[in-house]
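> Quick one, start_9.csv (CSV, C-alpha atoms and all ligand atoms):
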chain,number,residue,atom,x,y,z
A,1,MET,CA,-15.7,12.4,-4.5
A,2,GLU,CA,-17.3,10.9,-1.5
A,3,ILE,CA,-15.9,11.8,2.0
A,4,ILE,CA,-16.6,9.5,4.9
A,5,LYS,CA,-15.4,11.0,8.2
A,6,CYS,CA,-15.0,8.5,11.0
A,7,ARG,CA,-14.6,9.0,14.7
A,8,ASP,CA,-11.1,7.6,14.9
A,9,TYR,CA,-8.5,5.3,13.3
A,10,ASP,CA,-10.3,2.1,14.2
A,11,ALA,CA,-13.7,3.3,12.9
A,12,MET,CA,-11.9,4.4,9.7
A,13,SER,CA,-10.3,0.9,9.3
A,14,ILE,CA,-13.6,-0.8,9.8
A,15,ARG,CA,-15.4,1.4,7.3
A,16,ALA,CA,-12.6,0.9,4.7
A,17,ALA,CA,-12.8,-2.9,5.2
A,18,GLN,CA,-16.6,-2.8,4.5
A,19,ILE,CA,-16.0,-1.0,1.2
A,20,PHE,CA,-13.3,-3.4,0.3
A,21,GLU,CA,-15.4,-6.5,1.1
A,22,GLU,CA,-18.3,-5.2,-1.0
A,23,VAL,CA,-16.0,-5.2,-4.0
A,24,VAL,CA,-14.4,-8.6,-3.3
A,25,ASN,CA,-17.8,-10.2,-2.6
A,26,ALA,CA,-19.4,-8.8,-5.7
A,27,LYS,CA,-16.4,-9.9,-7.9
A,28,PRO,CA,-14.4,-12.8,-6.3
A,29,ASP,CA,-11.8,-12.7,-9.1
A,30,CYS,CA,-11.1,-9.0,-8.6
A,31,VAL,CA,-7.8,-7.1,-8.8
A,32,LEU,CA,-6.8,-5.5,-5.5
A,33,GLY,CA,-4.6,-2.4,-5.5
A,34,LEU,CA,-2.8,-2.4,-2.2
A,35,ALA,CA,-0.7,0.1,-0.3
A,36,THR,CA,1.8,0.0,2.5
A,37,GLY,CA,2.6,2.4,5.4
A,38,SER,CA,1.0,2.5,8.8
A,39,THR,CA,-2.4,3.8,7.7
A,40,PRO,CA,-3.7,0.7,6.0
A,41,LEU,CA,-2.6,-1.6,8.8
A,42,GLY,CA,-5.9,-1.5,10.6
A,43,LEU,CA,-7.7,-2.2,7.4
A,44,TYR,CA,-5.5,-5.3,6.8
A,45,LYS,CA,-6.1,-6.4,10.3
A,46,LYS,CA,-9.8,-6.2,9.8
A,47,LEU,CA,-9.7,-8.1,6.5
A,48,ILE,CA,-7.7,-10.9,8.2
A,49,GLU,CA,-10.3,-11.1,11.0
A,50,ASP,CA,-13.1,-11.2,8.5
A,51,HIS,CA,-11.4,-13.7,6.4
A,52,LYS,CA,-10.9,-16.0,9.4
A,53,ALA,CA,-14.6,-15.5,10.3
A,54,GLY,CA,-15.4,-16.8,6.8
A,55,LYS,CA,-16.8,-13.4,5.5
A,56,ILE,CA,-14.3,-12.9,2.7
A,57,ASP,CA,-12.5,-15.2,0.3
A,58,PHE,CA,-9.4,-14.1,-1.5
A,59,SER,CA,-8.6,-17.3,-3.3
A,60,ARG,CA,-9.5,-15.9,-6.7
A,61,CYS,CA,-8.1,-12.4,-6.2
A,62,THR,CA,-5.0,-10.9,-7.8
A,63,SER,CA,-3.2,-8.0,-6.2
A,64,VAL,CA,-0.8,-5.2,-7.3
A,65,ASN,CA,1.1,-3.0,-4.9
A,66,LEU,CA,1.8,0.6,-5.5
A,67,ASP,CA,5.6,0.8,-4.9
A,68,GLU,CA,8.8,-0.7,-3.6
A,69,TYR,CA,12.1,0.6,-2.3
A,70,VAL,CA,15.0,0.2,-4.8
A,71,GLY,CA,17.6,-2.3,-3.4
A,72,LEU,CA,15.3,-4.1,-1.0
A,73,GLY,CA,14.0,-7.7,-1.7
A,74,GLU,CA,11.4,-9.9,0.0
A,75,ASN,CA,13.8,-11.0,2.7
A,76,ASP,CA,14.5,-7.5,3.8
A,77,ASP,CA,12.2,-6.7,6.7
A,78,GLN,CA,11.9,-3.1,5.4
A,79,SER,CA,10.8,-4.0,1.9
A,80,TYR,CA,7.2,-3.5,1.0
A,81,ARG,CA,7.0,-7.1,-0.3
A,82,TYR,CA,7.9,-8.2,3.3
A,83,PHE,CA,5.4,-5.8,4.7
A,84,MET,CA,2.6,-7.2,2.5
A,85,ASN,CA,3.6,-10.8,3.3
A,86,THR,CA,3.7,-10.3,7.0
A,87,ASN,CA,0.8,-7.9,7.4
A,88,LEU,CA,-1.7,-9.5,5.0
A,89,PHE,CA,-0.8,-12.2,2.5
A,90,ASP,CA,0.5,-14.8,5.1
A,91,HIS,CA,-2.8,-14.6,6.9
A,92,ILE,CA,-5.4,-14.8,4.1
A,93,ASN,CA,-6.0,-17.4,1.3
A,94,ILE,CA,-4.7,-15.3,-1.6
A,95,ASP,CA,-2.4,-17.2,-4.0
A,96,LYS,CA,1.0,-15.4,-3.5
A,97,ALA,CA,1.9,-16.1,-7.1
A,98,LYS,CA,-0.9,-13.7,-8.0
A,99,THR,CA,0.4,-10.9,-5.7
A,100,PHE,CA,2.7,-8.4,-7.4
A,101,VAL,CA,5.0,-5.7,-6.1
A,102,PRO,CA,7.6,-3.9,-8.2
A,103,ASN,CA,10.9,-5.7,-8.1
A,104,GLY,CA,13.2,-3.7,-5.8
A,105,LEU,CA,16.2,-5.9,-6.6
A,106,GLU,CA,16.1,-5.1,-10.3
A,107,SER,CA,18.8,-2.4,-10.6
A,108,ASP,CA,18.0,-1.5,-14.2
A,109,ALA,CA,15.3,1.1,-13.5
A,110,TYR,CA,14.0,1.1,-17.0
A,111,ARG,CA,13.5,-2.7,-17.0
A,112,ALA,CA,12.0,-2.7,-13.5
A,113,CYS,CA,9.4,-0.1,-14.4
A,114,ARG,CA,8.6,-1.6,-17.8
A,115,ASP,CA,8.2,-5.1,-16.3
A,116,TYR,CA,5.8,-3.7,-13.7
A,117,GLU,CA,3.7,-1.8,-16.3
A,118,ASP,CA,3.5,-5.1,-18.3
A,119,ILE,CA,2.2,-6.9,-15.2
A,120,LEU,CA,-0.4,-4.1,-14.6
A,121,GLU,CA,-1.5,-4.3,-18.2
A,122,LYS,CA,-1.7,-8.1,-18.1
A,123,VAL,CA,-3.7,-8.5,-14.8
A,124,GLY,CA,-6.0,-5.6,-15.8
A,125,PRO,CA,-7.3,-2.6,-14.0
A,126,GLN,CA,-7.5,-2.6,-10.2
A,127,ASP,CA,-11.2,-3.0,-9.2
A,128,ILE,CA,-10.3,-1.2,-6.0
A,129,GLN,CA,-7.1,0.7,-5.1
A,130,VAL,CA,-6.2,1.6,-1.6
A,131,LEU,CA,-4.1,4.8,-1.1
A,132,GLY,CA,-2.4,6.3,1.9
A,133,LEU,CA,-1.3,9.9,1.9
A,134,GLY,CA,2.1,11.3,2.5
A,135,GLU,CA,2.5,14.3,4.8
A,136,ASN,CA,3.7,16.2,1.7
A,137,GLY,CA,0.6,15.1,-0.3
A,138,HIS,CA,2.3,12.2,-2.1
A,139,ILE,CA,0.4,9.1,-3.2
A,140,ALA,CA,2.3,5.9,-3.7
A,141,PHE,CA,5.8,7.4,-4.1
A,142,ASN,CA,4.6,10.1,-6.5
A,143,GLU,CA,6.4,13.0,-4.8
A,144,PRO,CA,5.7,16.7,-5.3
A,145,GLU,CA,6.9,17.5,-8.8
A,146,THR,CA,6.4,19.8,-11.7
A,147,TYR,CA,4.4,17.2,-13.6
A,148,PHE,CA,2.2,14.2,-12.9
A,149,PRO,CA,4.2,11.0,-13.8
A,150,LYS,CA,2.0,8.7,-15.9
A,151,GLU,CA,3.5,5.2,-15.6
A,152,THR,CA,5.6,3.2,-13.1
A,153,HIS,CA,8.9,5.1,-12.7
A,154,CYS,CA,11.9,5.4,-10.5
A,155,VAL,CA,11.6,8.2,-7.9
A,156,ASP,CA,14.2,10.2,-6.0
A,157,LEU,CA,12.6,10.3,-2.5
A,158,THR,CA,12.3,13.7,-1.0
A,159,GLU,CA,14.0,14.6,2.3
A,160,SER,CA,10.6,15.0,4.0
A,161,THR,CA,9.6,11.4,2.9
A,162,ILE,CA,12.9,10.0,4.0
A,163,GLU,CA,12.5,11.6,7.4
A,164,ALA,CA,8.8,10.5,7.7
A,165,ASN,CA,9.7,6.9,6.8
A,166,ALA,CA,12.9,6.8,8.9
A,167,ARG,CA,10.8,5.6,11.9
A,168,PHE,CA,10.7,2.2,10.4
A,169,PHE,CA,14.5,1.9,9.9
A,170,GLU,CA,17.3,1.4,12.5
A,171,ASN,CA,18.6,4.8,11.5
A,172,PRO,CA,17.8,7.4,8.8
A,173,ASP,CA,20.9,6.6,6.8
A,174,LYS,CA,19.4,3.2,6.1
A,175,VAL,CA,16.3,4.6,4.3
A,176,PRO,CA,16.7,3.9,0.6
A,177,ARG,CA,16.9,7.1,-1.5
A,178,HIS,CA,15.0,5.7,-4.5
A,179,ALA,CA,11.8,3.7,-5.1
A,180,TYR,CA,9.8,2.3,-8.0
A,181,SER,CA,6.3,3.6,-7.9
A,182,MET,CA,3.2,3.4,-10.0
A,183,GLY,CA,2.5,6.6,-11.7
A,184,ILE,CA,-0.7,8.6,-11.6
A,185,GLY,CA,-1.9,7.0,-14.8
A,186,SER,CA,-1.3,3.5,-13.4
A,187,ILE,CA,-3.3,4.5,-10.3
A,188,PHE,CA,-6.0,6.1,-12.3
A,189,ARG,CA,-6.8,2.9,-14.1
A,190,ALA,CA,-8.4,1.7,-10.9
A,191,LYS,CA,-12.2,1.6,-11.1
A,192,LYS,CA,-12.5,2.6,-7.5
A,193,ILE,CA,-10.1,4.3,-5.2
A,194,ILE,CA,-10.2,4.5,-1.4
A,195,LEU,CA,-7.9,7.2,0.1
A,196,LEU,CA,-7.2,6.7,3.7
A,197,ALA,CA,-5.9,9.4,6.0
A,198,SER,CA,-5.6,9.4,9.8
A,199,GLY,CA,-4.2,11.9,12.3
A,200,VAL,CA,-3.5,15.5,12.5
A,201,LYS,CA,-0.2,15.1,10.6
A,202,LYS,CA,-2.2,14.4,7.4
A,203,SER,CA,-4.7,17.3,7.9
A,204,ARG,CA,-2.8,19.9,5.8
A,205,ALA,CA,-2.2,17.5,2.9
A,206,LEU,CA,-5.7,16.2,3.0
A,207,ALA,CA,-7.3,19.6,3.0
A,208,GLU,CA,-5.2,20.7,0.0
A,209,ALA,CA,-5.9,17.4,-1.8
A,210,LEU,CA,-9.6,17.8,-1.4
A,211,TYR,CA,-10.2,21.5,-1.7
A,212,GLY,CA,-7.0,23.0,-3.2
A,213,PRO,CA,-5.9,23.5,-6.8
A,214,ILE,CA,-5.0,20.4,-8.8
A,215,ILE,CA,-1.3,20.7,-9.0
A,216,PRO,CA,1.6,18.2,-9.2
A,217,GLN,CA,3.2,19.9,-6.2
A,218,LEU,CA,0.4,18.2,-4.2
A,219,PRO,CA,0.1,14.9,-6.1
A,220,ALA,CA,-3.1,13.7,-4.2
A,221,SER,CA,-5.0,16.7,-5.6
A,222,ILE,CA,-5.3,14.9,-8.9
A,223,LEU,CA,-7.7,12.5,-7.2
A,224,GLN,CA,-10.4,15.3,-7.6
A,225,LEU,CA,-10.5,14.2,-11.3
A,226,HIS,CA,-11.1,10.5,-10.8
A,227,SER,CA,-14.7,9.4,-11.2
A,228,ASP,CA,-14.9,7.1,-8.1
A,229,VAL,CA,-12.9,8.1,-5.1
A,230,VAL,CA,-14.0,7.5,-1.5
A,231,VAL,CA,-12.0,9.3,1.1
A,232,VAL,CA,-12.2,7.5,4.4
A,233,CYS,CA,-10.5,9.5,7.1
A,234,ASP,CA,-10.8,10.2,10.8
A,235,ASP,CA,-11.7,13.4,12.7
A,236,ALA,CA,-8.1,14.4,13.3
A,237,ALA,CA,-7.2,14.3,9.6
A,238,LEU,CA,-10.3,16.3,8.5
A,239,LYS,CA,-10.9,19.3,10.7
B,1,LIG,C1,4.9,5.8,2.1
B,1,LIG,C2,4.2,5.0,1.0
B,1,LIG,C3,2.9,5.6,0.7
B,1,LIG,C4,2.1,5.8,2.0
B,1,LIG,C5,2.9,6.9,2.8
B,1,LIG,C6,2.2,7.3,4.1
B,1,LIG,O1,5.7,6.8,1.6
B,1,LIG,N1,5.0,4.9,-0.2
B,1,LIG,O2,2.1,4.7,-0.1
B,1,LIG,O3,0.8,6.3,1.7
B,1,LIG,O4,4.1,6.3,3.1
B,1,LIG,O5,2.6,6.4,5.1
B,1,LIG,P1,1.9,6.3,6.5
B,1,LIG,O6,0.6,5.6,6.2
B,1,LIG,O7,2.8,5.4,7.3
B,1,LIG,O8,1.7,7.6,7.0
Can you dump the structure from the file as structure tokens?


Amino acid sequence: MEIIKCRDYDAMSIRAAQIFEEVVNAKPDCVLGLATGSTPLGLYKKLIEDHKAGKIDFSRCTSVNLDEYVGLGENDDQSYRYFMNTNLFDHINIDKAKTFVPNGLESDAYRACRDYEDILEKVGPQDIQVLGLGENGHIAFNEPETYFPKETHCVDLTESTIEANARFFENPDKVPRHAYSMGIGSIFRAKKIILLASGVKKSRALAEALYGPIIPQLPASILQLHSDVVVVCDDAALK
């Protein structure tokens, strides 16, 4: 595991974008594994800037996202599909038909998860996967558990995640209670993983993920076992 500690959020985002661009420029038809949340916003902003400056071309890329809230569709401004469209896809030259997010409007959880695993299988492994970090150590929506879920699955969100994500909703009651999320196995297929963490709120989870025991109660700790993980974080997240 390589750890790159940056001065602040902006420096972290710029460094992450460089790593990302190396992958895309080396393999123009690569598969991008993308994440939502506030942490990767700076990275996406930089990718948009660099795309507009002609430094990166997404026309042959495919993307797969980590997760989606159950019950929310692309027209819902809190869905992760909406987030990806407005914060990245609408501003770059990726073919939207080749961007995949679990289908939050599929109420049959078994079918939603199986369909997403089929897509992951079909498009092939992510050449690079971006991950944020939950305050409780979750990655995607793999919440602290007694086991590591392998495939895409339906998650009961924990109270702490509902509380942490409530800031994006009108009121906490509107935060969905369930999500479809890639499992640890789906994430581990990625050839390269960038874990982003910024701010003091992430420092406990990050320290445990990097140096603690590998346990499903701290899902990000499993990343210690992946062969190519780059942690790009800021000073506040890594004391
Ligand atoms: C959500 C997402 C995660 C993300 C996490 C952290 O729960 N499902 O993929 O990493 O939030 O979000 P933030 O970056 O806003 O702190």

> Measuring between all atoms listed in the file, which one of A:Glu117, A:Asp173, A:Glu135, A:Asp234 shows the shortest distance to ligand LIG 1 (chain B)?

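Result for the nearest residue to ligand LIG 1 (chain B): A:Glu135.
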
> Go through chain A and flag each residue having an atom no more than 6 Å from ligand LIG 1 (chain B); for those, report the closest pair of atoms plus their distance in Å to one decimal, using only C-alpha atoms and all ligand atoms, ordered by chain and rising number, as a Markdown table.


| residue | atom | partner | partner_atom | distance |
| --- | --- | --- | --- | --- |
| A:Ala35 | CA | B:LIG1 | O2 | 5.4 |
| A:Thr36 | CA | B:LIG1 | O2 | 5.4 |
| A:Gly37 | CA | B:LIG1 | O7 | 3.6 |
| A:Ser38 | CA | B:LIG1 | O7 | 3.7 |
| A:Thr39 | CA | B:LIG1 | O6 | 3.8 |
| A:Leu131 | CA | B:LIG1 | O3 | 5.8 |
| A:Gly132 | CA | B:LIG1 | O3 | 3.2 |
| A:Leu133 | CA | B:LIG1 | O3 | 4.2 |
| A:Gly134 | CA | B:LIG1 | C6 | 4.3 |
| A:Ile139 | CA | B:LIG1 | O2 | 5.6 |
| A:Ala140 | CA | B:LIG1 | O2 | 3.8 |
| A:Phe141 | CA | B:LIG1 | N1 | 4.7 |

> Which polymer residues have any atom within 8 Å of an atom of stretch 151-157 of chain A, counting all atoms listed in the file, with same-chain residues fewer than 6 positions away left out, as a list in words?

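Neighbouring residues, sequence-local ones excluded: Ala109, Tyr110, Cys113, Arg114, Tyr116, Glu117, Phe141, Asn142, Glu143, Arg177, His178, Ala179, Tyr180, Ser181, Met182, Gly183, Ile184, Gly185 and Ser186 of chain A.
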
> Mind giving me the straight-line distance from atom CA of A:Ile194 to atom CA of A:Glu68 in Å, one decimal?

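These two atoms are separated by 19.8 Å.
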
> Can you tell me, as a list in words, what residues are no more than 7 Å from A:Val229 when counting all atoms listed in the file, ignoring any on the same chain fewer than 3 positions away?

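Contacts, with the query itself left out: Met1, Glu2, Lys192, Ile193, Ile194 and His226 of chain A.
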
> If I take atom CA of A:Ala190 and atom CA of A:Leu206, how far is one from the other in Å, to one decimal?

20.3 Å

> Atoms are missing here; could stretch 19-30 of chain A be completed with N, CA, C and O atoms and written as a compact mmCIF listing (two decimals), in the frame of the given file?


# COMPACT_ATOMS: atom_id res chain seq x y z
N ILE A 19 -16.03 -1.40 2.63
CA ILE A 19 -16.00 -1.00 1.20
C ILE A 19 -15.26 -2.07 0.39
O ILE A 19 -15.69 -2.52 -0.66
N PHE A 20 -14.13 -2.44 0.94
CA PHE A 20 -13.30 -3.40 0.30
C PHE A 20 -14.02 -4.75 0.11
O PHE A 20 -13.98 -5.36 -0.95
N GLU A 21 -14.69 -5.16 1.17
CA GLU A 21 -15.40 -6.50 1.10
C GLU A 21 -16.53 -6.46 0.16
O GLU A 21 -16.80 -7.48 -0.49
N GLU A 22 -17.20 -5.33 0.03
CA GLU A 22 -18.30 -5.20 -1.00
C GLU A 22 -17.74 -5.54 -2.34
O GLU A 22 -18.35 -6.25 -3.13
N VAL A 23 -16.57 -4.98 -2.64
CA VAL A 23 -16.00 -5.20 -4.00
C VAL A 23 -15.59 -6.64 -4.16
O VAL A 23 -15.91 -7.25 -5.18
N VAL A 24 -14.91 -7.22 -3.18
CA VAL A 24 -14.40 -8.60 -3.30
C VAL A 24 -15.63 -9.57 -3.37
O VAL A 24 -15.64 -10.51 -4.18
N ASN A 25 -16.64 -9.33 -2.56
CA ASN A 25 -17.80 -10.20 -2.60
C ASN A 25 -18.59 -10.14 -3.86
O ASN A 25 -19.14 -11.13 -4.34
N ALA A 26 -18.62 -8.96 -4.45
CA ALA A 26 -19.40 -8.80 -5.70
C ALA A 26 -18.58 -9.39 -6.89
O ALA A 26 -19.16 -9.81 -7.88
N LYS A 27 -17.24 -9.40 -6.77
CA LYS A 27 -16.40 -9.90 -7.90
C LYS A 27 -15.25 -10.70 -7.29
O LYS A 27 -14.18 -10.16 -7.04
N PRO A 28 -15.46 -11.99 -7.04
CA PRO A 28 -14.40 -12.80 -6.30
C PRO A 28 -13.09 -12.86 -7.04
O PRO A 28 -12.08 -13.09 -6.39
N ASP A 29 -13.06 -12.65 -8.37
CA ASP A 29 -11.80 -12.70 -9.10
C ASP A 29 -11.24 -11.27 -9.32
O ASP A 29 -10.61 -11.01 -10.34
N CYS A 30 -11.48 -10.38 -8.38
CA CYS A 30 -11.10 -9.00 -8.60
C CYS A 30 -9.62 -8.73 -8.45
O CYS A 30 -8.88 -9.56 -7.92
